[in-house]
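Report on the structure given below.
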Amino acid sequence: MKYTEIMEKIYLSKLKEEFNKDKINLINSEETKYDEQIIHIANTAVENGKHIILLTGPSSSGKTTTAKKLSKAIQKLNKKVYRISLDNFYRCGDDFPLWEDGQPNYETIEALDIDFFNFKIKELLENKKSLFPIYEFGKRQRAEKTFTVEYDEQTFLIFEGIHALNPLLSQNIKNSNVLRIYVSVHSDFVDDNNNIILPARTLRLMRRTLRDNKYRDSDFDETFDLWKYVLRGEELYIKPFKKSADIHINSTHSYEPFLFCHKILQLLEGQENHIKHKEIINDLINISHNFEELDETLIPKDSLIREFL
């Protein structure tokens, strides 16, 4: 499906009815719907010889898990796959562009070493083999260790990152070989009068808040500080290219607010009068009260939602 600006709607009354009737069936149906999209894309890529897959999406859209699942689906079709994160091409040291307030701008494509990326792609396509970098974020430099990428008619390359659809990164790639994918949270949760109770963007913020807290040792204060830069970066550097995607994946799983909201409440409890982020905190708390708790042990271990738990 091609991208459209029109958001899908998930009606809370119907969702809660399904949730209370059969939680397991709700979870399984959402997982199946998502996995079927991945299998279809894998078949499309192989059948049409789209050996280079450019996969992008905004923060907390589920890019990484989608890329992993797509890689496995293509491998099941007896093809070789390399999954390459564009994060490995960040600039080294403090050589980063800045926002107007002096903060490092990690969102712009200029934070990537574009020339080095294009050199590596050209080397790979011409020589059928190249050593690709691994980036150490703690040190802001490329590691001494690299990994080998080989390319032939049985190989598929998945490039994943927020700038994957930017034409500056596909200068040495034939357009006929490329499949462009855009992943996003594209559903609003609404009441029976179509009033938005949980916007898609807020669901992404919930995902990012829980992920940062669990896996990146970042408290909610730091996540909320960065959120304004993330959103601005999306408008400037992702939005202009998303309509060029051949396929759009809506990564929303309708059951996920039941998982996230009680965790958000636990995380933000007692922070209602937080000086800097009072508005965001109270908004998340008020939204979270609309959802009952769902036991996360019911979620499949390979679910995209596990990326944020």
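The chains in the structure tokens are called A, B, ... from first to last as shown; in each chain the residues are counted from 1, and the ligands are counted from 1 in the order shown.
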
Write out as a compact mmCIF listing (two decimals) with C-alpha atoms, in the first residue's frame which residues come within 6 Å of range 2-9 of chain A when counting only C-alpha atoms, dropping same-chain ones fewer than 6 positions away.
# COMPACT_ATOMS: atom_id res chain seq x y z
CA HIS A 186 -0.40 5.56 11.25
CA SER A 187 -3.49 5.00 13.40
CA ASP A 188 -5.28 7.33 15.79
CA PHE A 189 -7.36 5.85 18.61
CA LYS A 243 5.69 9.72 -0.54
CA ILE A 247 5.17 0.48 0.12
CA HIS A 248 3.89 1.89 3.41

Name the residues in contact with Leu198 in chain A at a cut-off of 9 Å, using only C-alpha atoms, excluding same-chain residues fewer than 3 positions from it; report them as a PyMOL selection string. chain A and resi 188-190+201-203+257+287-288

Skipping near chain neighbours, those fewer than 6 positions away, what residues fall within 9 Å of Asp219 in chain A using only C-alpha atoms, listed as a ChimeraX atom specification? /A:209,212-213

Output file for the residues above (C-alpha atoms, as a CSV table (one decimal), in the first residue's frame):
chain,number,residue,atom,x,y,z
A,209,THR,CA,9.9,6.7,26.4
A,212,ASP,CA,14.8,4.7,26.3
A,213,ASN,CA,14.1,3.9,29.9

Shell of 10 Å around Lys145 in chain A, only C-alpha atoms, local chain residues under 4 positions omitted, as JSON, numbers by chain: {"A": [131, 132, 133, 134, 135]}

Within 12 Å of Ser29 in chain A, counting only C-alpha atoms, which residues show up once you throw out same-chain ones fewer than 2 positions away? Write them as a ChimeraX atom specification, please. /A:18-19,22-27,31-36,253-255,299-300

Can you list, as a PyMOL selection string, all residues belonging to range 164-286 of chain A that DSSP tags as alpha helix (DSSP H)? chain A and resi 200-215+220-233+256-268+278-286

Kindly save the residues from that selection, with C-alpha atoms included, as a CSV table (one decimal), in the first residue's frame.
chain,number,residue,atom,x,y,z
A,200,ALA,CA,-0.4,8.2,16.6
A,201,ARG,CA,2.4,10.6,17.4
A,202,THR,CA,1.7,10.2,21.2
A,203,LEU,CA,1.8,6.5,20.9
A,204,ARG,CA,5.2,6.8,19.3
A,205,LEU,CA,6.3,9.0,22.3
A,206,MET,CA,5.1,6.2,24.6
A,207,ARG,CA,7.1,3.7,22.7
A,208,ARG,CA,10.2,5.8,22.8
A,209,THR,CA,9.9,6.7,26.4
A,210,LEU,CA,9.7,3.1,27.5
A,211,ARG,CA,12.4,2.0,25.1
A,212,ASP,CA,14.8,4.7,26.3
A,213,ASN,CA,14.1,3.9,29.9
A,214,LYS,CA,14.6,0.2,29.5
A,215,TYR,CA,17.4,-0.1,27.0
A,220,PHE,CA,11.7,10.4,30.8
A,221,ASP,CA,13.2,13.9,31.3
A,222,GLU,CA,15.9,13.3,28.7
A,223,THR,CA,13.5,11.6,26.3
A,224,PHE,CA,11.1,14.6,26.4
A,225,ASP,CA,14.0,17.1,26.0
A,226,LEU,CA,15.0,15.4,22.8
A,227,TRP,CA,11.4,14.9,21.5
A,228,LYS,CA,11.1,18.4,20.0
A,229,TYR,CA,14.3,17.9,18.0
A,230,VAL,CA,13.1,14.5,16.8
A,231,LEU,CA,9.8,15.9,15.6
A,232,ARG,CA,11.5,18.9,13.9
A,233,GLY,CA,13.9,16.5,12.2
A,256,GLU,CA,-0.3,-1.9,22.4
A,257,PRO,CA,-1.8,0.9,24.5
A,258,PHE,CA,-3.1,-1.7,27.0
A,259,LEU,CA,0.6,-2.7,27.4
A,260,PHE,CA,2.2,0.7,27.5
A,261,CYS,CA,-0.3,2.9,29.5
A,262,HIS,CA,0.1,1.2,32.9
A,263,LYS,CA,3.9,1.3,32.4
A,264,ILE,CA,3.7,5.0,31.6
A,265,LEU,CA,1.6,5.6,34.7
A,266,GLN,CA,4.2,3.8,36.8
A,267,LEU,CA,7.0,5.8,35.3
A,268,LEU,CA,5.3,9.2,35.6
A,278,LYS,CA,4.3,19.2,33.0
A,279,GLU,CA,2.1,19.5,29.9
A,280,ILE,CA,3.5,16.3,28.3
A,281,ILE,CA,3.4,14.3,31.5
A,282,ASN,CA,-0.2,15.2,32.3
A,283,ASP,CA,-1.3,14.5,28.8
A,284,LEU,CA,0.3,11.0,28.9
A,285,ILE,CA,-1.3,10.3,32.3
A,286,ASN,CA,-4.7,11.4,31.2

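Taking CA of Leu125 in chain A as the reference point, CA of Arg140 in chain A is found at 27.8 Å.
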
Residues near Ile249 in chain A, anyone? I mean within 7 Å using only C-alpha atoms, not counting same-chain ones fewer than 3 positions away, as a list in words. Tyr182, Val183 and Ser184 of chain A

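A straight line drawn from CA of Lys63 in chain A to CA of Lys79 in chain A is 21.0 Å long.
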
So how many Å separate CA of Gln75 in chain A and CA of Leu54 in chain A, to one decimal?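 Separating CA of Gln75 in chain A from CA of Leu54 in chain A is a distance of 17.1 Å.
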
All residues 12 Å or closer to Gly93 in chain A, only C-alpha atoms, same chain fewer than 6 positions away omitted, as a short mmCIF file (atom, residue, chain, number, x, y, z; two decimals) with N, CA and C atoms, in the first residue's frame:
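Result went into part-v6.cif, see below:
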data_model
loop_
_atom_site.label_atom_id
_atom_site.label_comp_id
_atom_site.auth_asym_id
_atom_site.auth_seq_id
_atom_site.Cartn_x
_atom_site.Cartn_y
_atom_site.Cartn_z
N PRO A 104 23.68 19.52 19.27
CA PRO A 104 24.04 18.71 18.10
C PRO A 104 22.78 18.25 17.35
N ALA A 111 24.54 14.77 9.31
CA ALA A 111 25.21 14.09 10.43
C ALA A 111 25.82 12.77 9.96
N LEU A 112 25.46 12.35 8.75
CA LEU A 112 26.04 11.14 8.16
C LEU A 112 27.19 11.53 7.23
N ASP A 113 28.15 10.62 7.11
CA ASP A 113 29.24 10.81 6.17
C ASP A 113 28.76 10.30 4.81
N TYR A 135 29.72 1.57 13.98
CA TYR A 135 29.88 2.84 14.69
C TYR A 135 29.73 2.64 16.19
N GLU A 136 30.67 3.20 16.95
CA GLU A 136 30.61 3.15 18.42
C GLU A 136 30.06 4.48 18.92
N PHE A 137 28.80 4.46 19.35
CA PHE A 137 28.14 5.72 19.71
C PHE A 137 28.75 6.35 20.96
N GLY A 138 29.18 5.51 21.90
CA GLY A 138 29.77 6.05 23.12
C GLY A 138 31.03 6.85 22.86
N LYS A 139 31.78 6.43 21.84
CA LYS A 139 33.04 7.10 21.50
C LYS A 139 32.91 8.04 20.31
N ARG A 140 31.74 8.02 19.67
CA ARG A 140 31.50 8.83 18.47
C ARG A 140 32.56 8.58 17.40
N GLN A 141 32.84 7.31 17.16
CA GLN A 141 33.83 6.97 16.15
C GLN A 141 33.53 5.58 15.59
N ARG A 142 34.14 5.29 14.45
CA ARG A 142 34.00 3.97 13.87
C ARG A 142 34.93 3.00 14.59
#

Per residue of range 124-162 of chain A within 12 Å of range 170-175 of chain A, what are the shortest atom pair and its distance in Å to one decimal, counting only C-alpha atoms, with rows by chain and residue number, as a tab-separated table?
residue	atom	partner	partner_atom	distance
A:Leu124	CA	A:Asn172	CA	10.2
A:Leu125	CA	A:Ile173	CA	8.4
A:Glu126	CA	A:Asn172	CA	10.2
A:Leu157	CA	A:Ile173	CA	11.6
A:Phe159	CA	A:Ser170	CA	10.6

Give me, as a VMD selection string, the residues of range 72-298 of chain A that a backbone DSSP run labels strand (DSSP E or B). chain A and resid 80 to 85 90 98 104 112 129 to 136 141 to 150 155 to 160 178 to 184 187 to 190 196 to 198 247 to 250

Of A:His163, A:Gly102, A:Thr66, A:Glu272, the one nearest to Arg306 in chain A when counting only C-alpha atoms is A:Thr66
